[in-house]
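A.B. asks: If it helps, the file is called coords-v1.tsv and holds TSV, C-alpha atoms:
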chain	number	residue	atom	x	y	z
U	1338	GLY	CA	0.00	0.00	0.00
U	1339	GLU	CA	0.87	3.67	-0.17
U	1340	ASN	CA	3.41	5.09	2.28
U	1341	VAL	CA	3.97	8.83	2.66
U	1342	GLU	CA	7.02	10.28	4.37
U	1343	GLN	CA	7.38	13.92	5.38
U	1344	HIS	CA	10.29	16.13	6.46
U	1345	PRO	CA	11.06	17.95	8.61
U	1346	SER	CA	8.94	16.94	11.59
U	1347	THR	CA	9.38	20.39	13.13
U	1348	LEU	CA	10.26	23.68	11.49
U	1349	SER	CA	10.82	27.12	12.98
U	1350	VAL	CA	11.15	30.20	10.80
U	1351	GLN	CA	11.26	33.92	11.37
U	1352	GLU	CA	8.23	35.89	10.31
U	1353	GLY	CA	8.62	36.90	6.68
U	1354	ASP	CA	10.92	34.03	5.78
U	1355	SER	CA	9.93	31.08	3.61
U	1356	ALA	CA	9.08	27.58	4.80
U	1357	VAL	CA	9.48	24.40	2.77
U	1358	ILE	CA	8.07	20.99	3.65
U	1359	LYS	CA	8.96	17.94	1.59
U	1360	CYS	CA	7.15	14.64	1.12
U	1361	THR	CA	7.76	11.41	-0.73
U	1362	TYR	CA	5.30	8.71	-1.69
U	1363	SER	CA	5.75	5.09	-2.64
U	1364	ASP	CA	2.86	4.17	-4.95
U	1365	SER	CA	3.47	5.39	-8.49
U	1366	ALA	CA	-0.27	5.05	-9.18
U	1367	SER	CA	-1.10	7.89	-6.78
U	1368	ASN	CA	-2.27	10.94	-8.71
U	1369	TYR	CA	-3.68	13.37	-6.17
U	1370	PHE	CA	-1.63	15.13	-3.51
U	1371	PRO	CA	-3.45	17.40	-1.06
U	1372	TRP	CA	-1.94	19.45	1.73
U	1373	TYR	CA	-3.77	20.06	4.98
U	1374	LYS	CA	-3.26	22.56	7.79
U	1375	GLN	CA	-4.37	21.52	11.25
U	1376	GLU	CA	-4.62	23.93	14.14
U	1377	LEU	CA	-4.72	22.67	17.71
U	1378	GLY	CA	-7.99	20.94	18.54
U	1379	LYS	CA	-9.41	21.32	15.06
U	1380	GLY	CA	-9.86	19.14	12.00
U	1381	PRO	CA	-7.49	19.39	9.03
U	1382	GLN	CA	-8.21	22.10	6.50
U	1383	LEU	CA	-7.41	21.60	2.82
U	1384	ILE	CA	-5.09	24.43	1.80
U	1385	ILE	CA	-3.90	23.38	-1.63
U	1386	ASP	CA	-3.69	20.27	-3.78
U	1387	ILE	CA	-1.99	19.13	-6.95
U	1388	ARG	CA	-2.82	16.46	-9.43
U	1389	SER	CA	-0.33	14.38	-11.36
U	1390	ASN	CA	-0.99	16.14	-14.66
U	1391	VAL	CA	0.69	19.35	-13.45
U	1392	GLY	CA	4.10	20.04	-11.93
U	1393	GLU	CA	3.38	23.18	-9.95
U	1394	LYS	CA	0.44	25.06	-8.50
U	1395	LYS	CA	0.35	28.36	-6.69
U	1396	ASP	CA	-2.24	30.12	-4.56
U	1397	GLN	CA	-1.10	33.49	-3.17
U	1398	ARG	CA	1.67	32.72	-0.64
U	1399	ILE	CA	1.38	28.97	-0.99
U	1400	ALA	CA	2.81	26.82	-3.76
U	1401	VAL	CA	3.16	23.10	-4.29
U	1402	THR	CA	5.50	21.29	-6.66
U	1403	LEU	CA	5.34	17.69	-7.84
U	1404	ASN	CA	8.06	15.49	-9.31
U	1405	LYS	CA	6.36	12.31	-10.49
U	1406	THR	CA	9.58	10.65	-11.57
U	1407	ALA	CA	11.16	11.02	-8.17
U	1408	LYS	CA	7.82	10.57	-6.39
U	1409	HIS	CA	8.16	13.60	-4.22
U	1410	PHE	CA	6.21	16.80	-3.72
U	1411	SER	CA	6.79	19.93	-1.69
U	1412	LEU	CA	4.88	22.75	-0.03
U	1413	HIS	CA	6.33	26.24	-0.12
U	1414	ILE	CA	5.01	29.05	2.05
U	1415	THR	CA	6.45	32.50	1.38
U	1416	GLU	CA	6.32	35.61	3.56
U	1417	THR	CA	5.31	33.52	6.56
U	1418	GLN	CA	3.07	35.04	9.22
U	1419	PRO	CA	2.44	33.97	12.83
U	1420	GLU	CA	-0.98	32.66	11.83
U	1421	ASP	CA	0.74	30.15	9.55
U	1422	SER	CA	1.89	28.32	12.71
U	1423	ALA	CA	0.17	24.92	12.70
U	1424	VAL	CA	0.76	21.28	11.83
U	1425	TYR	CA	0.88	20.61	8.10
U	1426	PHE	CA	0.15	17.21	6.59
U	1427	CYS	CA	0.88	16.07	3.08
U	1428	ALA	CA	-1.15	13.22	1.66
U	1429	ALA	CA	-1.47	11.00	-1.40
U	1430	SER	CA	-4.40	9.29	-3.08
U	1431	LYS	CA	-5.46	7.72	-6.35
U	1432	LEU	CA	-8.74	9.63	-6.68
U	1433	THR	CA	-10.76	6.62	-7.69
U	1434	SER	CA	-14.28	6.34	-6.32
U	1435	TYR	CA	-13.33	4.79	-3.02
U	1436	ASP	CA	-9.64	5.38	-2.69
U	1437	LYS	CA	-8.38	6.51	0.67
U	1438	VAL	CA	-6.09	9.43	1.38
U	1439	ILE	CA	-2.89	8.40	3.14
U	1440	PHE	CA	-1.31	11.05	5.35
U	1441	GLY	CA	2.29	11.82	6.08
U	1442	PRO	CA	3.37	12.11	9.74
U	1443	GLY	CA	3.04	15.90	9.78
U	1444	THR	CA	5.28	18.95	10.19
U	1445	SER	CA	4.85	21.32	13.11
U	1446	LEU	CA	5.57	24.80	11.78
U	1447	SER	CA	6.30	27.66	14.14
U	1448	VAL	CA	6.58	31.20	12.78
U	1449	ILE	CA	8.44	33.40	15.20
U	1450	PRO	CA	7.30	37.05	15.26
C	538	GLY	CA	-15.99	26.08	0.43
C	539	ALA	CA	-17.38	22.65	1.28
C	540	VAL	CA	-18.41	22.14	4.89
C	541	VAL	CA	-18.37	18.95	6.91
C	542	SER	CA	-19.89	18.98	10.38
C	543	GLN	CA	-19.44	16.58	13.26
C	544	HIS	CA	-21.54	16.13	16.34
C	545	PRO	CA	-20.79	16.13	19.17
C	546	SER	CA	-17.56	18.10	19.32
C	547	ARG	CA	-16.73	16.68	22.74
C	548	VAL	CA	-18.09	13.71	24.65
C	549	ILE	CA	-17.21	12.11	27.94
C	550	CYS	CA	-18.58	8.67	28.67
C	551	LYS	CA	-18.11	5.93	31.18
C	552	SER	CA	-16.25	2.75	30.40
C	553	GLY	CA	-18.55	0.11	28.92
C	554	THR	CA	-21.03	2.51	27.35
C	555	SER	CA	-21.49	3.28	23.65
C	556	VAL	CA	-21.05	6.60	21.91
C	557	LYS	CA	-22.35	7.70	18.51
C	558	ILE	CA	-20.64	10.37	16.43
C	559	GLU	CA	-22.35	11.94	13.43
C	560	CYS	CA	-20.65	13.29	10.32
C	561	ARG	CA	-22.56	15.36	7.79
C	562	SER	CA	-21.61	16.98	4.50
C	563	LEU	CA	-23.62	20.19	4.53
C	564	ASP	CA	-23.39	21.55	1.01
C	565	PHE	CA	-22.32	18.65	-1.17
C	566	GLN	CA	-23.01	14.98	-1.70
C	567	ALA	CA	-20.47	12.46	-0.51
C	568	THR	CA	-20.62	8.94	-1.83
C	569	THR	CA	-17.59	8.13	0.29
C	570	MET	CA	-16.81	9.17	3.84
C	571	PHE	CA	-13.77	8.28	5.90
C	572	TRP	CA	-13.21	7.96	9.63
C	573	TYR	CA	-9.85	8.74	11.17
C	574	ARG	CA	-8.45	8.59	14.67
C	575	GLN	CA	-5.73	10.91	15.87
C	576	PHE	CA	-3.72	10.58	19.07
C	577	PRO	CA	-1.89	13.61	20.52
C	578	LYS	CA	0.97	14.85	18.35
C	579	GLN	CA	0.45	12.10	15.83
C	580	SER	CA	-0.85	11.91	12.30
C	581	LEU	CA	-4.33	10.87	11.24
C	582	MET	CA	-4.79	7.12	11.08
C	583	LEU	CA	-7.51	5.87	8.78
C	584	MET	CA	-9.95	3.57	10.54
C	585	ALA	CA	-12.47	2.81	7.81
C	586	THR	CA	-13.92	3.88	4.50
C	587	SER	CA	-17.68	4.24	4.35
C	588	ASN	CA	-19.65	4.07	1.11
C	589	GLU	CA	-23.27	5.11	0.92
C	590	GLY	CA	-25.57	2.11	1.02
C	591	SER	CA	-22.90	-0.52	1.54
C	592	LYS	CA	-20.78	-1.97	4.31
C	593	ALA	CA	-17.75	-0.06	5.48
C	594	THR	CA	-14.24	-1.22	4.69
C	595	TYR	CA	-12.06	-1.35	7.78
C	596	GLU	CA	-8.30	-0.93	7.95
C	597	GLN	CA	-6.17	-3.71	9.31
C	598	GLY	CA	-6.24	-3.81	13.10
C	599	VAL	CA	-9.52	-1.90	13.46
C	600	GLU	CA	-12.27	-3.96	15.08
C	601	LYS	CA	-15.41	-3.68	12.98
C	602	ASP	CA	-17.61	-4.94	15.80
C	603	LYS	CA	-16.29	-2.27	18.10
C	604	PHE	CA	-16.41	0.65	15.69
C	605	LEU	CA	-19.75	0.44	13.91
C	606	ILE	CA	-20.07	2.61	10.84
C	607	ASN	CA	-23.27	3.42	9.02
C	608	HIS	CA	-23.47	5.52	5.86
C	609	ALA	CA	-27.22	5.93	5.52
C	610	SER	CA	-27.35	8.73	2.97
C	611	LEU	CA	-25.17	10.83	0.68
C	612	THR	CA	-24.74	13.39	3.46
C	613	LEU	CA	-24.60	11.39	6.68
C	614	SER	CA	-22.29	8.80	8.18
C	615	THR	CA	-22.17	7.69	11.81
C	616	LEU	CA	-19.49	6.04	13.91
C	617	THR	CA	-20.55	4.20	17.04
C	618	VAL	CA	-17.88	3.23	19.54
C	619	THR	CA	-19.34	0.27	21.37
C	620	SER	CA	-18.37	-0.78	24.89
C	621	ALA	CA	-15.89	2.06	25.07
C	622	HIS	CA	-12.71	1.72	27.14
C	623	PRO	CA	-10.22	4.37	28.26
C	624	GLU	CA	-7.83	3.36	25.47
C	625	ASP	CA	-10.52	4.42	22.97
C	626	SER	CA	-10.10	8.01	24.16
C	627	SER	CA	-8.92	9.94	21.13
C	628	PHE	CA	-9.74	12.63	18.59
C	629	TYR	CA	-12.05	11.16	15.93
C	630	ILE	CA	-12.25	12.98	12.62
C	631	CYS	CA	-14.48	12.26	9.67
C	632	SER	CA	-14.01	13.39	6.12
C	633	ALA	CA	-16.22	13.39	3.06
C	634	ARG	CA	-15.21	13.10	-0.56
C	635	ASP	CA	-17.08	15.31	-2.97
C	636	ALA	CA	-18.91	13.10	-5.48
C	637	GLY	CA	-18.34	15.68	-8.22
C	638	ILE	CA	-15.56	15.82	-10.76
C	639	LEU	CA	-12.89	17.42	-8.58
C	640	ARG	CA	-13.30	14.86	-5.78
C	641	GLU	CA	-11.60	16.83	-3.02
C	642	GLN	CA	-11.78	15.46	0.49
C	643	TYR	CA	-12.98	17.75	3.25
C	644	PHE	CA	-12.63	17.17	6.96
C	645	GLY	CA	-14.93	17.74	9.86
C	646	PRO	CA	-13.85	19.61	13.01
C	647	GLY	CA	-13.31	16.41	14.97
C	648	THR	CA	-14.84	14.86	18.08
C	649	ARG	CA	-12.85	14.59	21.29
C	650	LEU	CA	-13.86	11.34	23.04
C	651	THR	CA	-12.85	10.80	26.64
C	652	VAL	CA	-13.70	7.48	28.28
C	653	THR	CA	-13.48	7.47	32.07
Could you rewrite the structure in this file as structure tokens?
C.D. replies:
Amino acid sequence: GENVEQHPSTLSVQEGDSAVIKCTYSDSASNYFPWYKQELGKGPQLIIDIRSNVGEKKDQRIAVTLNKTAKHFSLHITETQPEDSAVYFCAASKLTSYDKVIFGPGTSLSVIP
Amino acid sequence: GAVVSQHPSRVICKSGTSVKIECRSLDFQATTMFWYRQFPKQSLMLMATSNEGSKATYEQGVEKDKFLINHASLTLSTLTVTSAHPEDSSFYICSARDAGILREQYFGPGTRLTVT
């Protein structure tokens, strides 16, 4: 089955700097890669996703890149703000009718004012 | 954006009792819903996949007789923790997959279960 790894497990950056989180997946059939932000005591919130037919996607300060050959994808947050502090999870799925989303172990991001 | 609700948000029950958690997709239809469990400072672990009108598919190691899942309609799935024990205390999160073309998966706010 699919296995998703994620690095780093914790990340501290100064406000205004960029943050990068990297993930790898094992199943070459996976074609959908969402990223979730989870704040303490809340459910995960979908912040951006990428499908295997594109290599990069950007939404304001957030961008995601995908390298299908190497089976890795990354989240980039620019101009970080204190409210970006949260746990971020990458995930992988095949997007068939019933396919499950497999999560990485998560990255705890702290943005220092 | 799509909204998934869960009820209750917090529940405390005594050991040996059963607890039901509801998951609803409020503004979209979900042919598939998922139930996850999350322990403190850990990732989400998938417990089961629930398809409308059919039996749920459980992940390895998850007791189907203990965690009863019902997906009665395109907008509602329930998880019942039967004969709860303190080790069942956890954060339970449901998610719903949009049945439309884009098929994103949206998560509920979670239910904090504490078994005393």
A.B. asks: Compile a residue-level contact table for chain C against chain U at a cut-off of 12 Å, reporting for every qualifying residue the shortest atom pair and its distance in Å to one decimal, with only C-alpha atoms counted, rows ordered by chain and ascending number, as JSON lines.
C.D. replies:
{"residue": "C:Gly538", "atom": "CA", "partner": "U:Leu1383", "partner_atom": "CA", "distance": 10.0}
{"residue": "C:Ala539", "atom": "CA", "partner": "U:Leu1383", "partner_atom": "CA", "distance": 10.1}
{"residue": "C:Val540", "atom": "CA", "partner": "U:Gln1382", "partner_atom": "CA", "distance": 10.3}
{"residue": "C:Val541", "atom": "CA", "partner": "U:Gly1380", "partner_atom": "CA", "distance": 9.9}
{"residue": "C:Ser542", "atom": "CA", "partner": "U:Gly1380", "partner_atom": "CA", "distance": 10.2}
{"residue": "C:Gln543", "atom": "CA", "partner": "U:Gly1380", "partner_atom": "CA", "distance": 10.0}
{"residue": "C:Ser546", "atom": "CA", "partner": "U:Lys1379", "partner_atom": "CA", "distance": 9.7}
{"residue": "C:Arg547", "atom": "CA", "partner": "U:Gly1378", "partner_atom": "CA", "distance": 10.6}
{"residue": "C:Ala567", "atom": "CA", "partner": "U:Ser1434", "partner_atom": "CA", "distance": 10.5}
{"residue": "C:Thr568", "atom": "CA", "partner": "U:Ser1434", "partner_atom": "CA", "distance": 8.2}
{"residue": "C:Thr569", "atom": "CA", "partner": "U:Tyr1435", "partner_atom": "CA", "distance": 6.3}
{"residue": "C:Met570", "atom": "CA", "partner": "U:Tyr1435", "partner_atom": "CA", "distance": 8.9}
{"residue": "C:Phe571", "atom": "CA", "partner": "U:Lys1437", "partner_atom": "CA", "distance": 7.7}
{"residue": "C:Trp572", "atom": "CA", "partner": "U:Lys1437", "partner_atom": "CA", "distance": 10.3}
{"residue": "C:Tyr573", "atom": "CA", "partner": "U:Gly1380", "partner_atom": "CA", "distance": 10.4}
{"residue": "C:Arg574", "atom": "CA", "partner": "U:Gly1380", "partner_atom": "CA", "distance": 11.0}
{"residue": "C:Gln575", "atom": "CA", "partner": "U:Gly1380", "partner_atom": "CA", "distance": 10.0}
{"residue": "C:Phe576", "atom": "CA", "partner": "U:Gly1378", "partner_atom": "CA", "distance": 11.2}
{"residue": "C:Pro577", "atom": "CA", "partner": "U:Gly1378", "partner_atom": "CA", "distance": 9.7}
{"residue": "C:Lys578", "atom": "CA", "partner": "U:Gly1443", "partner_atom": "CA", "distance": 8.9}
{"residue": "C:Gln579", "atom": "CA", "partner": "U:Pro1442", "partner_atom": "CA", "distance": 6.8}
{"residue": "C:Ser580", "atom": "CA", "partner": "U:Pro1442", "partner_atom": "CA", "distance": 4.9}
{"residue": "C:Leu581", "atom": "CA", "partner": "U:Phe1440", "partner_atom": "CA", "distance": 6.6}
{"residue": "C:Met582", "atom": "CA", "partner": "U:Phe1440", "partner_atom": "CA", "distance": 7.8}
{"residue": "C:Leu583", "atom": "CA", "partner": "U:Ile1439", "partner_atom": "CA", "distance": 7.7}
{"residue": "C:Met584", "atom": "CA", "partner": "U:Lys1437", "partner_atom": "CA", "distance": 10.4}
{"residue": "C:Ala585", "atom": "CA", "partner": "U:Lys1437", "partner_atom": "CA", "distance": 9.0}
{"residue": "C:Thr586", "atom": "CA", "partner": "U:Lys1437", "partner_atom": "CA", "distance": 7.2}
{"residue": "C:Ser587", "atom": "CA", "partner": "U:Tyr1435", "partner_atom": "CA", "distance": 8.6}
{"residue": "C:Asn588", "atom": "CA", "partner": "U:Tyr1435", "partner_atom": "CA", "distance": 7.6}
{"residue": "C:Glu589", "atom": "CA", "partner": "U:Tyr1435", "partner_atom": "CA", "distance": 10.7}
{"residue": "C:Ser591", "atom": "CA", "partner": "U:Tyr1435", "partner_atom": "CA", "distance": 11.9}
{"residue": "C:Ala593", "atom": "CA", "partner": "U:Tyr1435", "partner_atom": "CA", "distance": 10.7}
{"residue": "C:Thr594", "atom": "CA", "partner": "U:Tyr1435", "partner_atom": "CA", "distance": 9.8}
{"residue": "C:Tyr595", "atom": "CA", "partner": "U:Lys1437", "partner_atom": "CA", "distance": 11.2}
{"residue": "C:Glu596", "atom": "CA", "partner": "U:Lys1437", "partner_atom": "CA", "distance": 10.4}
{"residue": "C:Gln597", "atom": "CA", "partner": "U:Gly1338", "partner_atom": "CA", "distance": 11.8}
{"residue": "C:Ser627", "atom": "CA", "partner": "U:Gly1378", "partner_atom": "CA", "distance": 11.3}
{"residue": "C:Phe628", "atom": "CA", "partner": "U:Gly1378", "partner_atom": "CA", "distance": 8.5}
{"residue": "C:Tyr629", "atom": "CA", "partner": "U:Gly1380", "partner_atom": "CA", "distance": 9.2}
{"residue": "C:Ile630", "atom": "CA", "partner": "U:Gly1380", "partner_atom": "CA", "distance": 6.6}
{"residue": "C:Cys631", "atom": "CA", "partner": "U:Gly1380", "partner_atom": "CA", "distance": 8.6}
{"residue": "C:Ser632", "atom": "CA", "partner": "U:Gly1380", "partner_atom": "CA", "distance": 9.2}
{"residue": "C:Ala633", "atom": "CA", "partner": "U:Lys1437", "partner_atom": "CA", "distance": 10.7}
{"residue": "C:Arg634", "atom": "CA", "partner": "U:Tyr1435", "partner_atom": "CA", "distance": 8.9}
{"residue": "C:Asp635", "atom": "CA", "partner": "U:Ser1434", "partner_atom": "CA", "distance": 10.0}
{"residue": "C:Ala636", "atom": "CA", "partner": "U:Ser1434", "partner_atom": "CA", "distance": 8.2}
{"residue": "C:Gly637", "atom": "CA", "partner": "U:Ser1434", "partner_atom": "CA", "distance": 10.4}
{"residue": "C:Ile638", "atom": "CA", "partner": "U:Leu1432", "partner_atom": "CA", "distance": 10.1}
{"residue": "C:Leu639", "atom": "CA", "partner": "U:Leu1432", "partner_atom": "CA", "distance": 9.0}
{"residue": "C:Arg640", "atom": "CA", "partner": "U:Leu1432", "partner_atom": "CA", "distance": 7.0}
{"residue": "C:Glu641", "atom": "CA", "partner": "U:Pro1371", "partner_atom": "CA", "distance": 8.4}
{"residue": "C:Gln642", "atom": "CA", "partner": "U:Leu1383", "partner_atom": "CA", "distance": 7.9}
{"residue": "C:Tyr643", "atom": "CA", "partner": "U:Leu1383", "partner_atom": "CA", "distance": 6.8}
{"residue": "C:Phe644", "atom": "CA", "partner": "U:Pro1381", "partner_atom": "CA", "distance": 6.0}
{"residue": "C:Gly645", "atom": "CA", "partner": "U:Gly1380", "partner_atom": "CA", "distance": 5.7}
{"residue": "C:Pro646", "atom": "CA", "partner": "U:Gly1380", "partner_atom": "CA", "distance": 4.1}
{"residue": "C:Gly647", "atom": "CA", "partner": "U:Gly1380", "partner_atom": "CA", "distance": 5.3}
{"residue": "C:Thr648", "atom": "CA", "partner": "U:Gly1380", "partner_atom": "CA", "distance": 8.9}
{"residue": "C:Arg649", "atom": "CA", "partner": "U:Gly1378", "partner_atom": "CA", "distance": 8.5}
A.B. asks: I'd like to know which of C:Lys592, C:Gly598, C:Leu650, C:Ile558 is closest to Thr617 in chain C, using only C-alpha atoms.
C.D. replies: C:Ile558
A.B. asks: Looking at all atoms listed in the file, which of U:Ser1430, U:Thr1402, U:Thr1415, U:Thr1347 is the one that sits closest to Ser1363 in chain U?
C.D. replies: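 Closest candidate: U:Ser1430.
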A.B. asks: Provide an axis-aligned box for all listed atoms of range 1435-1447 of chain U, padding each side by 4 Å; report its centre and its edge lengths in Å to one decimal, as AutoDock Vina command-line options.
C.D. replies:
--center_x -3.5 --center_y 16.2 --center_z 5.6 --size_x 27.6 --size_y 30.9 --size_z 25.2
A.B. asks: Record the distance separating CA of Pro1450 in chain U and CA of Lys1359 in chain U, expressed in Å with one decimal.
C.D. replies: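 Going from CA of Pro1450 in chain U over to CA of Lys1359 in chain U covers 23.6 Å.
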A.B. asks: Calculated over only C-alpha atoms, which of the candidates C:Leu616, C:Gly590, C:Phe604, C:Val599 has the smallest distance to Lys557 in chain C?
C.D. replies: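 Checking each of C:Leu616, C:Gly590, C:Phe604, C:Val599 against Lys557 in chain C, counting only C-alpha atoms, the winner is C:Leu616.
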A.B. asks: Here is a test: counting only C-alpha atoms, which residue of U:Leu1403, U:Ser1389, U:Ser1422, U:Lys1395 is nearest to Thr1361 in chain U?
C.D. replies: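 Selected residue with least distance to Thr1361 in chain U: U:Leu1403.
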A.B. asks: List the spatial neighbours of Thr619 in chain C as an NGL selection string - criterion: any atom at most 7 Å away, all atoms listed in the file, same-chain residues fewer than 5 positions off excluded.
C.D. replies: :C and (554-556 or 603-604)
A.B. asks: One decimal, in Å: what's the spacing between CA of Leu613 in chain C and CA of Asp564 in chain C?
C.D. replies: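 Answer for the CA of Leu613 in chain C to CA of Asp564 in chain C separation: 11.7 Å.
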A.B. asks: Which value, in Å to one decimal, gives the distance between CA of Pro1419 in chain U and CA of Glu1352 in chain U?
C.D. replies: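 According to the coordinates, CA of Pro1419 in chain U and CA of Glu1352 in chain U are separated by 6.6 Å.
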A.B. asks: Please complete range 1379-1387 of chain U with all heavy atoms and give it back as a compact mmCIF listing (two decimals), in the coordinates of the input.
C.D. replies:
# COMPACT_ATOMS: atom_id res chain seq x y z
N LYS U 1379 -8.51 21.19 16.19
CA LYS U 1379 -9.41 21.32 15.06
C LYS U 1379 -9.14 20.24 14.01
O LYS U 1379 -8.10 19.59 14.04
CB LYS U 1379 -9.26 22.70 14.42
CG LYS U 1379 -9.63 23.86 15.34
CD LYS U 1379 -9.53 25.19 14.60
CE LYS U 1379 -9.92 26.34 15.51
NZ LYS U 1379 -9.83 27.65 14.81
N GLY U 1380 -10.07 20.07 13.09
CA GLY U 1380 -9.86 19.14 12.00
C GLY U 1380 -8.95 19.73 10.95
O GLY U 1380 -8.76 20.94 10.88
N PRO U 1381 -8.37 18.90 10.10
CA PRO U 1381 -7.49 19.39 9.03
C PRO U 1381 -8.27 20.23 8.01
O PRO U 1381 -9.42 19.92 7.70
CB PRO U 1381 -6.96 18.10 8.39
CG PRO U 1381 -7.24 17.02 9.37
CD PRO U 1381 -8.46 17.44 10.11
N GLN U 1382 -7.61 21.23 7.51
CA GLN U 1382 -8.21 22.10 6.50
C GLN U 1382 -7.40 21.99 5.21
O GLN U 1382 -6.18 22.19 5.23
CB GLN U 1382 -8.21 23.55 6.99
CG GLN U 1382 -8.74 24.55 5.99
CD GLN U 1382 -8.56 25.99 6.44
OE1 GLN U 1382 -7.91 26.25 7.44
NE2 GLN U 1382 -9.09 26.92 5.70
N LEU U 1383 -8.07 21.68 4.12
CA LEU U 1383 -7.41 21.60 2.82
C LEU U 1383 -6.92 22.99 2.41
O LEU U 1383 -7.71 23.93 2.36
CB LEU U 1383 -8.37 21.04 1.77
CG LEU U 1383 -7.86 20.95 0.34
CD1 LEU U 1383 -6.78 19.88 0.23
CD2 LEU U 1383 -9.00 20.63 -0.62
N ILE U 1384 -5.62 23.12 2.17
CA ILE U 1384 -5.09 24.43 1.80
C ILE U 1384 -4.68 24.51 0.34
O ILE U 1384 -4.75 25.57 -0.28
CB ILE U 1384 -3.91 24.85 2.70
CG1 ILE U 1384 -2.78 23.81 2.66
CG2 ILE U 1384 -4.38 25.09 4.12
CD1 ILE U 1384 -1.52 24.27 3.37
N ILE U 1385 -4.27 23.42 -0.22
CA ILE U 1385 -3.90 23.38 -1.63
C ILE U 1385 -3.74 21.92 -2.03
O ILE U 1385 -3.49 21.06 -1.18
CB ILE U 1385 -2.60 24.18 -1.91
CG1 ILE U 1385 -2.40 24.44 -3.41
CG2 ILE U 1385 -1.38 23.47 -1.32
CD1 ILE U 1385 -1.32 25.46 -3.71
N ASP U 1386 -3.92 21.63 -3.30
CA ASP U 1386 -3.69 20.27 -3.78
C ASP U 1386 -3.11 20.32 -5.18
O ASP U 1386 -3.15 21.36 -5.85
CB ASP U 1386 -4.98 19.44 -3.74
CG ASP U 1386 -6.11 20.05 -4.56
OD1 ASP U 1386 -5.85 20.87 -5.46
OD2 ASP U 1386 -7.28 19.71 -4.29
N ILE U 1387 -2.55 19.21 -5.60
CA ILE U 1387 -1.99 19.13 -6.95
C ILE U 1387 -2.27 17.75 -7.50
O ILE U 1387 -2.25 16.76 -6.77
CB ILE U 1387 -0.48 19.46 -6.94
CG1 ILE U 1387 0.05 19.63 -8.36
CG2 ILE U 1387 0.32 18.40 -6.18
CD1 ILE U 1387 1.44 20.26 -8.43
